[in-house]
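Text of model25.cif, listed as mmCIF, C-alpha atoms and all ligand atoms:
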data_coords
#
loop_
_atom_site.label_atom_id
_atom_site.label_comp_id
_atom_site.auth_asym_id
_atom_site.auth_seq_id
_atom_site.Cartn_x
_atom_site.Cartn_y
_atom_site.Cartn_z
CA MET B 1 60.27 45.69 58.80
CA SER B 2 59.58 49.16 57.50
CA MET B 3 58.46 49.84 53.94
CA THR B 4 58.78 53.01 51.90
CA VAL B 5 55.52 53.75 50.12
CA ALA B 6 55.49 55.99 47.04
CA LEU B 7 53.20 58.96 47.52
CA PRO B 8 50.78 60.04 44.78
CA THR B 9 52.09 62.94 42.67
CA ILE B 10 52.07 66.24 44.53
CA HIS B 11 51.29 69.23 42.32
CA GLU B 12 52.14 72.83 43.12
CA HIS B 13 49.93 75.92 42.72
CA GLU B 14 46.96 73.86 41.50
CA PRO B 15 43.84 76.00 40.84
CA LEU B 16 41.09 74.75 43.15
CA ALA B 17 38.19 76.23 41.18
CA HIS B 18 38.26 73.10 38.94
CA TYR B 19 37.48 70.86 41.91
CA VAL B 20 34.66 72.70 43.68
CA ALA B 21 30.96 73.00 42.85
CA TRP B 22 30.98 76.81 42.84
CA ARG B 23 33.93 76.87 40.37
CA ILE B 24 35.49 79.60 42.50
CA GLY B 25 38.80 79.88 44.37
CA GLY B 26 42.53 80.39 44.13
CA PRO B 27 45.28 77.74 44.00
CA ALA B 28 46.46 75.17 46.53
CA ARG B 29 50.15 75.53 47.37
CA PHE B 30 50.35 71.70 47.19
CA PHE B 31 47.69 69.36 45.80
CA ALA B 32 47.39 65.58 45.50
CA THR B 33 44.68 63.02 44.82
CA ALA B 34 44.25 59.94 47.03
CA THR B 35 42.66 56.91 45.38
CA THR B 36 42.82 54.61 48.43
CA ALA B 37 42.39 55.16 52.15
CA ASP B 38 46.07 54.22 52.60
CA GLU B 39 47.11 56.96 50.17
CA LEU B 40 44.94 59.45 52.03
CA ARG B 41 46.63 58.50 55.31
CA ASP B 42 50.14 58.64 53.78
CA LEU B 43 49.48 62.07 52.26
CA VAL B 44 48.14 63.42 55.56
CA LEU B 45 51.20 62.09 57.39
CA TRP B 46 53.51 63.64 54.75
CA GLY B 47 51.73 66.99 55.07
CA ARG B 48 52.07 66.87 58.85
CA GLU B 49 55.78 66.01 58.58
CA GLN B 50 56.24 69.09 56.36
CA GLU B 51 54.18 71.09 58.93
CA LEU B 52 51.77 72.18 56.21
CA PRO B 53 48.20 73.30 56.85
CA LEU B 54 46.00 70.43 55.59
CA PHE B 55 42.65 70.30 53.90
CA VAL B 56 40.82 67.14 52.84
CA LEU B 57 38.64 67.89 49.82
CA GLY B 58 35.68 65.66 49.03
CA GLY B 59 33.40 66.74 46.19
CA GLY B 60 33.92 70.43 47.00
CA SER B 61 30.15 70.84 47.20
CA ASN B 62 29.94 72.59 50.56
CA ILE B 63 32.92 74.95 50.58
CA LEU B 64 33.88 78.39 49.40
CA VAL B 65 37.60 78.52 48.57
CA SER B 66 39.06 81.99 49.08
CA ASP B 67 40.46 83.92 46.12
CA ALA B 68 43.92 83.68 47.68
CA GLY B 69 43.66 79.88 47.68
CA PHE B 70 44.96 77.46 50.32
CA PRO B 71 48.48 77.91 51.73
CA GLY B 72 49.17 74.22 52.47
CA LEU B 73 48.36 70.73 51.17
CA VAL B 74 44.93 69.98 49.70
CA ILE B 75 44.21 66.25 49.40
CA ARG B 76 41.39 65.38 47.04
CA ASN B 77 39.88 62.17 48.32
CA ARG B 78 38.80 59.76 45.60
CA ALA B 79 39.19 56.53 47.62
CA HIS B 80 35.97 54.64 46.99
CA HIS B 81 36.43 50.89 47.52
CA HIS B 82 33.57 49.11 49.29
CA THR B 83 32.59 45.71 50.69
CA LEU B 84 29.25 44.35 51.89
CA GLU B 85 28.76 42.05 54.88
CA ARG B 86 25.52 40.38 55.92
CA ARG B 87 24.69 40.92 59.63
CA GLY B 88 21.48 39.06 60.50
CA ASP B 89 18.62 41.14 59.05
CA ASP B 90 20.77 44.01 57.96
CA VAL B 91 23.80 44.49 55.75
CA ARG B 92 26.90 46.47 56.68
CA LEU B 93 28.42 48.57 53.90
CA ARG B 94 32.07 49.33 54.55
CA ILE B 95 33.10 52.12 52.20
CA GLU B 96 36.07 54.44 51.76
CA ALA B 97 35.31 58.08 52.45
CA GLY B 98 35.93 59.42 48.94
CA ALA B 99 33.02 57.42 47.45
CA PRO B 100 30.26 59.55 45.92
CA MET B 101 27.06 59.59 48.00
CA ALA B 102 24.59 59.67 45.12
CA GLY B 103 26.37 57.04 43.00
CA THR B 104 26.63 54.74 46.01
CA SER B 105 22.95 55.23 46.80
CA ARG B 106 21.98 54.13 43.28
CA GLN B 107 24.42 51.24 43.25
CA MET B 108 23.04 49.91 46.56
CA ALA B 109 19.41 50.37 45.51
CA ALA B 110 20.06 48.38 42.31
CA GLN B 111 21.23 45.52 44.54
CA GLY B 112 18.09 45.76 46.68
CA LEU B 113 19.71 47.58 49.60
CA THR B 114 18.04 50.57 51.22
CA GLY B 115 19.19 53.13 53.79
CA LEU B 116 20.84 55.57 51.39
CA VAL B 117 17.90 56.28 49.07
CA TRP B 118 17.37 59.75 50.61
CA SER B 119 20.78 60.81 49.24
CA GLU B 120 19.79 60.39 45.56
CA GLY B 121 21.34 63.37 43.75
CA LEU B 122 23.22 64.63 46.84
CA PRO B 123 26.54 66.03 45.59
CA GLY B 124 29.75 65.10 47.38
CA THR B 125 31.43 62.19 49.11
CA VAL B 126 30.74 59.93 52.06
CA GLY B 127 33.46 61.78 54.05
CA GLY B 128 31.94 65.20 53.35
CA ALA B 129 28.50 63.92 54.33
CA ILE B 130 29.86 62.47 57.59
CA TYR B 131 31.63 65.76 58.34
CA GLY B 132 28.57 67.97 57.87
CA ASN B 133 25.79 65.46 58.65
CA ALA B 134 24.36 65.96 55.18
CA GLY B 135 20.67 65.23 54.94
CA CYS B 136 17.61 65.58 52.75
CA TYR B 137 14.35 63.88 51.81
CA GLY B 138 13.80 62.33 55.23
CA GLY B 139 17.30 60.99 55.92
CA ASP B 140 20.69 62.09 57.10
CA MET B 141 24.15 60.67 57.66
CA ALA B 142 23.67 60.40 61.44
CA GLY B 143 20.76 58.06 60.74
CA ILE B 144 22.73 55.42 58.82
CA LEU B 145 26.30 55.72 60.09
CA HIS B 146 27.29 52.83 62.33
CA SER B 147 30.96 53.70 62.82
CA ALA B 148 33.97 55.08 60.99
CA THR B 149 37.71 54.57 60.81
CA VAL B 150 39.35 57.91 61.55
CA LEU B 151 42.91 59.19 61.39
CA LEU B 152 43.76 61.12 64.54
CA PRO B 153 46.16 64.07 64.89
CA ASP B 154 48.84 61.81 66.43
CA GLY B 155 48.87 59.65 63.25
CA THR B 156 47.06 56.67 64.77
CA THR B 157 43.73 55.32 63.53
CA ALA B 158 40.66 54.61 65.63
CA GLU B 159 37.15 53.21 65.20
CA TRP B 160 34.59 55.85 66.19
CA SER B 161 31.00 54.90 66.89
CA VAL B 162 28.30 57.21 65.50
CA GLY B 163 27.86 58.73 69.00
CA GLN B 164 31.42 60.04 68.95
CA PHE B 165 30.55 62.33 66.02
CA GLU B 166 28.18 64.34 68.31
CA TYR B 167 25.74 64.92 65.48
CA GLY B 168 23.31 67.82 65.26
CA TYR B 169 21.53 69.52 62.36
CA ARG B 170 24.18 69.88 59.60
CA THR B 171 26.98 69.60 62.12
CA SER B 172 29.30 67.18 63.90
CA VAL B 173 32.24 67.29 66.27
CA LEU B 174 34.45 67.55 63.15
CA LYS B 175 32.64 70.58 61.77
CA ALA B 176 32.43 72.21 65.21
CA HIS B 177 36.25 72.09 65.41
CA ALA B 178 36.92 73.06 61.79
CA ALA B 179 39.80 75.36 62.77
CA ALA B 180 41.75 72.47 64.36
CA PRO B 181 40.37 69.26 62.82
CA THR B 182 40.16 66.43 65.31
CA ALA B 183 39.93 63.55 62.86
CA ILE B 184 39.96 62.66 59.18
CA VAL B 185 37.52 59.98 58.04
CA LEU B 186 39.23 57.17 56.12
CA ALA B 187 36.27 54.80 55.80
CA ALA B 188 32.77 54.31 57.14
CA GLU B 189 30.41 51.48 58.05
CA LEU B 190 26.80 52.17 57.12
CA THR B 191 23.79 50.06 58.06
CA LEU B 192 21.59 49.06 55.12
CA TYR B 193 18.51 46.83 54.81
CA ARG B 194 17.16 44.49 52.15
CA ASP B 195 14.24 45.73 50.09
CA ASP B 196 12.72 45.30 46.64
CA PRO B 197 15.00 46.90 44.00
CA VAL B 198 11.99 47.85 41.84
CA LYS B 199 10.38 49.71 44.78
CA LEU B 200 13.72 51.39 45.58
CA GLY B 201 14.12 52.43 41.95
CA ALA B 202 10.69 54.09 42.09
CA GLU B 203 11.60 55.91 45.35
CA ILE B 204 14.81 57.15 43.74
CA ALA B 205 12.90 58.44 40.71
CA VAL B 206 10.55 60.46 42.96
CA ILE B 207 13.47 62.06 44.83
CA ALA B 208 15.37 62.75 41.59
CA ALA B 209 12.34 64.56 40.16
CA ALA B 210 11.82 66.60 43.36
CA ARG B 211 15.50 67.58 43.47
CA LYS B 212 15.53 68.53 39.79
CA ALA B 213 12.45 70.74 40.27
CA LYS B 214 13.96 72.72 43.15
CA THR B 215 17.62 73.00 42.04
CA PRO B 216 18.63 76.12 40.09
CA SER B 217 20.82 75.49 37.06
CA GLY B 218 24.42 76.75 37.11
CA SER B 219 27.30 76.38 39.56
CA SER B 220 26.24 76.68 43.19
CA CYS B 221 26.97 75.16 46.57
CA GLY B 222 23.42 74.17 47.43
CA SER B 223 22.00 75.94 50.47
CA SER B 224 24.24 78.82 51.53
CA PHE B 225 22.66 79.18 55.00
CA LYS B 226 21.37 76.66 57.52
CA ASN B 227 17.65 76.62 58.21
CA PRO B 228 16.93 78.40 61.52
CA PRO B 229 14.92 76.31 64.03
CA GLY B 230 11.37 75.80 62.76
CA ASP B 231 11.83 77.88 59.62
CA SER B 232 13.45 77.81 56.20
CA ALA B 233 16.35 80.06 55.26
CA GLY B 234 15.10 80.05 51.65
CA ARG B 235 11.69 81.34 52.74
CA LEU B 236 13.21 84.13 54.87
CA LEU B 237 15.59 85.20 52.10
CA GLU B 238 12.73 85.26 49.61
CA VAL B 239 10.46 87.29 51.92
CA ALA B 240 13.36 89.72 52.46
CA GLY B 241 13.26 90.35 48.70
CA LEU B 242 16.70 88.93 47.92
CA LYS B 243 15.93 86.76 44.89
CA GLY B 244 17.91 87.99 41.89
CA THR B 245 20.25 90.23 43.95
CA GLN B 246 23.69 90.24 42.32
CA ILE B 247 27.20 91.26 43.36
CA GLY B 248 29.85 90.83 40.68
CA GLY B 249 29.35 87.38 39.14
CA ALA B 250 27.41 85.99 42.15
CA GLN B 251 23.62 86.07 42.18
CA VAL B 252 20.90 84.94 44.60
CA SER B 253 19.00 82.45 42.48
CA SER B 254 15.54 83.56 41.38
CA LYS B 255 14.45 79.90 41.66
CA HIS B 256 15.63 79.26 45.25
CA ALA B 257 16.69 82.20 47.43
CA ASN B 258 19.11 80.12 49.54
CA TYR B 259 21.19 79.24 46.47
CA ILE B 260 23.92 81.57 45.19
CA VAL B 261 24.77 80.93 41.57
CA ASN B 262 28.10 81.73 39.91
CA LEU B 263 27.01 83.44 36.71
CA GLY B 264 30.58 83.08 35.39
CA GLY B 265 33.71 84.68 36.76
CA ALA B 266 32.35 85.17 40.32
CA THR B 267 35.04 85.54 42.98
CA ALA B 268 34.95 84.38 46.59
CA GLY B 269 34.91 88.09 47.47
CA ASP B 270 31.67 88.52 45.46
CA VAL B 271 30.05 85.59 47.29
CA LEU B 272 31.14 86.85 50.71
CA ARG B 273 29.84 90.36 50.05
CA LEU B 274 26.58 88.83 48.88
CA THR B 275 26.20 86.54 51.93
CA ASP B 276 26.92 89.55 54.22
CA LEU B 277 24.19 91.52 52.47
CA MET B 278 21.74 88.58 52.67
CA ARG B 279 22.38 88.10 56.38
CA GLU B 280 22.03 91.84 57.13
CA ARG B 281 18.83 92.17 55.11
CA VAL B 282 17.17 89.20 56.88
CA VAL B 283 18.11 90.57 60.33
CA GLN B 284 16.84 94.06 59.48
CA ARG B 285 13.57 92.95 57.91
CA LEU B 286 12.72 89.78 59.81
CA GLY B 287 14.89 89.82 62.96
CA THR B 288 16.41 86.36 62.32
CA GLU B 289 20.17 85.69 62.36
CA LEU B 290 21.17 83.27 59.61
CA GLU B 291 24.22 81.05 59.99
CA LEU B 292 26.33 80.04 56.97
CA GLU B 293 26.11 76.35 56.05
CA VAL B 294 29.03 76.47 53.62
CA GLN B 295 32.54 76.49 55.03
CA ILE B 296 35.05 79.15 53.99
CA VAL B 297 38.41 77.57 53.18
CA GLY B 298 41.81 79.16 52.80
CA ALA B 299 43.59 82.42 53.37
CA SER B 300 41.36 85.48 53.62
CA ALA B 301 41.18 87.32 50.33
C1 LIG B 401 23.40 71.55 44.10
C2 LIG B 401 23.70 71.16 45.53
C3 LIG B 401 22.69 70.62 46.32
C4 LIG B 401 22.96 70.26 47.66
N1 LIG B 401 21.94 69.70 48.40
C5 LIG B 401 22.18 69.34 49.69
C6 LIG B 401 21.16 68.73 50.49
O1 LIG B 401 20.06 68.49 50.03
N2 LIG B 401 21.48 68.41 51.78
C7 LIG B 401 22.71 68.63 52.31
O2 LIG B 401 22.94 68.31 53.48
N3 LIG B 401 23.70 69.21 51.58
C8 LIG B 401 23.47 69.56 50.29
N4 LIG B 401 24.45 70.13 49.54
C9 LIG B 401 25.78 70.36 50.15
C10 LIG B 401 26.76 69.19 49.96
O3 LIG B 401 26.31 68.31 48.97
C11 LIG B 401 26.98 68.42 51.25
O4 LIG B 401 27.33 69.26 52.30
C12 LIG B 401 28.03 67.32 51.06
O5 LIG B 401 27.91 66.38 52.10
C13 LIG B 401 29.46 67.85 51.04
O6 LIG B 401 30.32 66.77 50.70
P1 LIG B 401 31.69 67.01 49.90
O7 LIG B 401 32.34 65.70 49.73
O8 LIG B 401 31.43 67.79 48.66
O9 LIG B 401 32.49 67.89 50.95
P2 LIG B 401 33.46 69.12 50.63
O10 LIG B 401 32.65 70.30 50.21
O11 LIG B 401 34.58 68.70 49.76
O12 LIG B 401 34.03 69.39 52.10
C14 LIG B 401 33.16 69.81 53.15
C15 LIG B 401 33.90 69.59 54.47
O13 LIG B 401 34.02 68.18 54.70
C16 LIG B 401 35.36 67.88 55.02
N5 LIG B 401 35.67 66.54 54.58
C17 LIG B 401 35.51 65.99 53.35
N6 LIG B 401 35.94 64.71 53.36
C18 LIG B 401 36.38 64.45 54.61
C19 LIG B 401 36.97 63.32 55.23
N7 LIG B 401 37.19 62.19 54.56
N8 LIG B 401 37.31 63.41 56.55
C20 LIG B 401 37.10 64.56 57.24
N9 LIG B 401 36.57 65.67 56.70
C21 LIG B 401 36.21 65.61 55.40
C22 LIG B 401 36.17 68.92 54.24
O14 LIG B 401 37.50 69.03 54.77
C23 LIG B 401 35.32 70.15 54.48
O15 LIG B 401 35.59 70.69 55.74
C24 LIG B 401 24.24 70.47 48.21
C25 LIG B 401 25.26 71.01 47.39
C26 LIG B 401 25.00 71.33 46.07
C27 LIG B 401 26.11 71.87 45.21
#
Transcribe the structure of this file into structure tokens.
Ligand SMILES: Cc1cc2nc3c(=O)[nH]c(=O)nc-3n(C[C@H](O)[C@H](O)[C@H](O)COP(=O)(O)OP(=O)(O)OC[C@H]3O[C@@H](n4cnc5c(N)ncnc54)[C@H](O)[C@@H]3O)c2cc1C
Amino acid sequence: MSMTVALPTIHEHEPLAHYVAWRIGGPARFFATATTADELRDLVLWGREQELPLFVLGGGSNILVSDAGFPGLVIRNRAHHHTLERRGDDVRLRIEAGAPMAGTSRQMAAQGLTGLVWSEGLPGTVGGAIYGNAGCYGGDMAGILHSATVLLPDGTTAEWSVGQFEYGYRTSVLKAHAAAPTAIVLAAELTLYRDDPVKLGAEIAVIAAARKAKTPSGSSCGSSFKNPPGDSAGRLLEVAGLKGTQIGGAQVSSKHANYIVNLGGATAGDVLRLTDLMRERVVQRLGTELELEVQIVGASA
């Protein structure tokens, strides 16, 4: 028996700047929000049927959307249902990929479950963190992911073990093939452990304070460049004298040289000219090639 499922509303020419941390970027030709993993799958299949370029948007906290916008279907993933299952000493959290990392971390800690504490304050979704192997404060996604349910290009789903994501520093097989995405994450299984909720609350407070102290105010995308092996991109950019450098509405933060802040009205073009200048200056002065951490999305401006 086949069943026709109603798709979520598909909007046209939706400005993407509202949905991304930098508050920059042109419109999506088509735009829809998925609130369940099934809706995400149905929207992807619809987009493929229409032969549209596809982009799955999590929290928009690691992307620069071009000024020309995205010429296909952008699916904003808000699917966040979760279940917990006891497995001997540990607990398996099964969670849809649109769940917020930081909110989930707090929710689990309040129930006396650890494993996600490092992600206190980390912007974005579980899916985005799986894609880019997000990490901070002594943890990363590769360290807690057990497996994930992925949607493959042929429309079938599969269970991938953590090894199949081929994780490295801020990268995965998904990010390495960004131009032709191999899989979309529908849901993940994370391994958590029991611990004292009071102790976890204290750990969270320490991380929250550390994050607050280092994060510039204003709209940014976190670190613009990856840290080169054995060094810090922020340190190199600061030594190269880039703090405070401004192009249009985009400025290298004077608090953290690896953050670019949108002072208001910055365009993707401003950010790209600024990142080019930052990269060139660091090569000239310090001989190190920096690699962008943020992903550029959409038609070139
Ligand atoms: C203030 C600030 C601080 C930050 N600090 C850190 C930090 O400490 N450590 C760190 O690692 N990062 C940090 N970041 C970057 C960002 O939080 C992470 O990269 C985050 O994991 C991105 O998740 P997202 O949901 O926002 O992804 P998005 O930016 O929406 O998307 C990023 C990529 O993931 C893909 N994607 C999203 N969901 C899925 C899915 N379900 N299936 C397949 N692909 C998917 C998108 O298509 C896109 O290619 C920071 C960002 C900000 C703004």
Of B:Ser232, B:Ser66, B:Thr191, B:Asn258, the one sitting nearest Met108 (chain B) when using all atoms listed in the file is B:Thr191
Give me the residues near Phe70 (chain B) as a PDB file with C-alpha atoms, keeping the file's coordinate frame, where near means some atom within 8 Å (using all atoms listed in the file) and where sequence neighbours in that chain fewer than 6 positions away do not count.
ATOM      1  CA  GLY B  26      42.530  80.390  44.130  1.00  0.00           C
ATOM      2  CA  PRO B  27      45.280  77.740  44.000  1.00  0.00           C
ATOM      3  CA  ALA B  28      46.460  75.170  46.530  1.00  0.00           C
ATOM      4  CA  ARG B  29      50.150  75.530  47.370  1.00  0.00           C
ATOM      5  CA  VAL B 297      38.410  77.570  53.180  1.00  0.00           C
ATOM      6  CA  GLY B 298      41.810  79.160  52.800  1.00  0.00           C
ATOM      7  CA  ALA B 299      43.590  82.420  53.370  1.00  0.00           C
TER       8      ALA B 299
END
If you take all atoms listed in the file and a cut-off of 6 Å, which residues of chain B touch ligand LIG 401 (chain B), and what are their nearest atom pairs and distances in Å to one decimal, in chain and number order, as a tab-separated table?
residue	atom	partner	partner_atom	distance
B:Ala21	CA	B:LIG401	C27	5.5
B:Phe55	CA	B:LIG401	O14	5.4
B:Val56	CA	B:LIG401	O14	4.3
B:Leu57	CA	B:LIG401	O11	4.1
B:Gly58	CA	B:LIG401	O11	3.3
B:Gly59	CA	B:LIG401	O8	3.3
B:Gly60	CA	B:LIG401	O11	3.3
B:Ser61	CA	B:LIG401	O8	3.6
B:Asn62	CA	B:LIG401	O10	3.6
B:Ile63	CA	B:LIG401	O10	4.7
B:Ala97	CA	B:LIG401	N7	5.0
B:Leu122	CA	B:LIG401	O3	5.3
B:Pro123	CA	B:LIG401	O3	4.1
B:Gly124	CA	B:LIG401	O8	3.4
B:Thr125	CA	B:LIG401	O7	3.7
B:Gly127	CA	B:LIG401	N7	3.8
B:Gly128	CA	B:LIG401	O6	3.5
B:Ala129	CA	B:LIG401	O5	3.4
B:Tyr131	CA	B:LIG401	O13	5.0
B:Gly132	CA	B:LIG401	O4	5.9
B:Ala134	CA	B:LIG401	O2	3.2
B:Gly135	CA	B:LIG401	O2	4.1
B:Cys136	CA	B:LIG401	O1	4.7
B:Ile184	CA	B:LIG401	N8	3.8
B:Val185	CA	B:LIG401	N8	3.7
B:Leu186	CA	B:LIG401	N7	5.6
B:Ser220	CA	B:LIG401	C27	5.2
B:Cys221	CA	B:LIG401	C27	3.7
B:Gly222	CA	B:LIG401	C26	3.5
May I have the residues from that selection written out with C-alpha atoms, as a PDB file, keeping the file's coordinate frame?
ATOM      1  CA  ALA B  21      30.960  73.000  42.850  1.00  0.00           C
ATOM      2  CA  PHE B  55      42.650  70.300  53.900  1.00  0.00           C
ATOM      3  CA  VAL B  56      40.820  67.140  52.840  1.00  0.00           C
ATOM      4  CA  LEU B  57      38.640  67.890  49.820  1.00  0.00           C
ATOM      5  CA  GLY B  58      35.680  65.660  49.030  1.00  0.00           C
ATOM      6  CA  GLY B  59      33.400  66.740  46.190  1.00  0.00           C
ATOM      7  CA  GLY B  60      33.920  70.430  47.000  1.00  0.00           C
ATOM      8  CA  SER B  61      30.150  70.840  47.200  1.00  0.00           C
ATOM      9  CA  ASN B  62      29.940  72.590  50.560  1.00  0.00           C
ATOM     10  CA  ILE B  63      32.920  74.950  50.580  1.00  0.00           C
ATOM     11  CA  ALA B  97      35.310  58.080  52.450  1.00  0.00           C
ATOM     12  CA  LEU B 122      23.220  64.630  46.840  1.00  0.00           C
ATOM     13  CA  PRO B 123      26.540  66.030  45.590  1.00  0.00           C
ATOM     14  CA  GLY B 124      29.750  65.100  47.380  1.00  0.00           C
ATOM     15  CA  THR B 125      31.430  62.190  49.110  1.00  0.00           C
ATOM     16  CA  GLY B 127      33.460  61.780  54.050  1.00  0.00           C
ATOM     17  CA  GLY B 128      31.940  65.200  53.350  1.00  0.00           C
ATOM     18  CA  ALA B 129      28.500  63.920  54.330  1.00  0.00           C
ATOM     19  CA  TYR B 131      31.630  65.760  58.340  1.00  0.00           C
ATOM     20  CA  GLY B 132      28.570  67.970  57.870  1.00  0.00           C
ATOM     21  CA  ALA B 134      24.360  65.960  55.180  1.00  0.00           C
ATOM     22  CA  GLY B 135      20.670  65.230  54.940  1.00  0.00           C
ATOM     23  CA  CYS B 136      17.610  65.580  52.750  1.00  0.00           C
ATOM     24  CA  ILE B 184      39.960  62.660  59.180  1.00  0.00           C
ATOM     25  CA  VAL B 185      37.520  59.980  58.040  1.00  0.00           C
ATOM     26  CA  LEU B 186      39.230  57.170  56.120  1.00  0.00           C
ATOM     27  CA  SER B 220      26.240  76.680  43.190  1.00  0.00           C
ATOM     28  CA  CYS B 221      26.970  75.160  46.570  1.00  0.00           C
ATOM     29  CA  GLY B 222      23.420  74.170  47.430  1.00  0.00           C
TER      30      GLY B 222
END
Compile the contact shell of Glu51 (chain B) as a compact mmCIF listing (two decimals) with C-alpha atoms, in the frame of the given file: residues with an atom at most 10 Å away, counting all atoms listed in the file, same-chain residues fewer than 5 positions apart removed.
# COMPACT_ATOMS: atom_id res chain seq x y z
CA LEU B 45 51.20 62.09 57.39
CA TRP B 46 53.51 63.64 54.75
CA GLY B 72 49.17 74.22 52.47
CA LEU B 73 48.36 70.73 51.17
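In this structure, CA of Gln111 (chain B) sits 12.2 Å away from CA of Leu93 (chain B).
For the pair CA of Gly168 (chain B) and CA of Leu190 (chain B), the interatomic distance is 18.0 Å.
In this comparison, which uses only C-alpha atoms, the residue of B:Gly69, B:Pro8, B:Gly248, B:Gly163 approaching Arg41 (chain B) most closely is B:Pro8.
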In terms of all atoms listed in the file, the residue from B:Ala17, B:Val252, B:Ile75, B:Leu40 at minimal distance from Pro53 (chain B) is B:Ile75
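In terms of minimum interatomic distance to Asp67 (chain B), B:Thr267 ranks closest within B:Gln164, B:Thr267, B:Thr182, B:Gln284, counting only C-alpha atoms.
The gap separating CA of Gly138 (chain B) from CA of Asp195 (chain B) is 17.4 Å, in Å to one decimal.
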Contact residues around Asp270 (chain B) with only C-alpha atoms at 6 Å, ignoring same-chain residues under 2 positions, as a ChimeraX atom specification
/B:247-248,250,267-268,272-273
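Restricting the calculation to all atoms listed in the file, the smallest distance between Pro197 (chain B) and any of B:Ile10, B:Ala109, B:Ala233, B:Val283 is found for B:Ala109.
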Find the residues around Gln246 (chain B) up to 10 Å (only C-alpha atoms counted), leave out those fewer than 2 positions away in its own chain, and share them as an mmCIF file with C-alpha atoms, keeping the file's coordinate frame.
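Output saved as part_6.cif:
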data_model
loop_
_atom_site.group_PDB
_atom_site.id
_atom_site.type_symbol
_atom_site.label_atom_id
_atom_site.label_comp_id
_atom_site.auth_asym_id
_atom_site.auth_seq_id
_atom_site.Cartn_x
_atom_site.Cartn_y
_atom_site.Cartn_z
ATOM 1 C CA LEU B 242 16.700 88.930 47.920
ATOM 2 C CA LYS B 243 15.930 86.760 44.890
ATOM 3 C CA GLY B 244 17.910 87.990 41.890
ATOM 4 C CA GLY B 248 29.850 90.830 40.680
ATOM 5 C CA GLY B 249 29.350 87.380 39.140
ATOM 6 C CA ALA B 250 27.410 85.990 42.150
ATOM 7 C CA GLN B 251 23.620 86.070 42.180
ATOM 8 C CA VAL B 252 20.900 84.940 44.600
ATOM 9 C CA SER B 253 19.000 82.450 42.480
ATOM 10 C CA ILE B 260 23.920 81.570 45.190
ATOM 11 C CA VAL B 261 24.770 80.930 41.570
ATOM 12 C CA ASN B 262 28.100 81.730 39.910
ATOM 13 C CA LEU B 263 27.010 83.440 36.710
ATOM 14 C CA ASP B 270 31.670 88.520 45.460
ATOM 15 C CA VAL B 271 30.050 85.590 47.290
ATOM 16 C CA ARG B 273 29.840 90.360 50.050
ATOM 17 C CA LEU B 274 26.580 88.830 48.880
#
Give me the residues within 10 Å of Arg86 (chain B) as a list in words, counting all atoms listed in the file and dropping any in the same chain fewer than 6 places off.
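Listing them by chain and then by number gives Arg92, Leu93, Leu192 and Tyr193 of chain B.
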For Ser254 (chain B), which of B:Thr215, B:Thr83, B:Thr149, B:Asn227 is the closest residue, counting only C-alpha atoms?
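Residue with the minimum atom-to-atom distance to Ser254 (chain B): B:Thr215.
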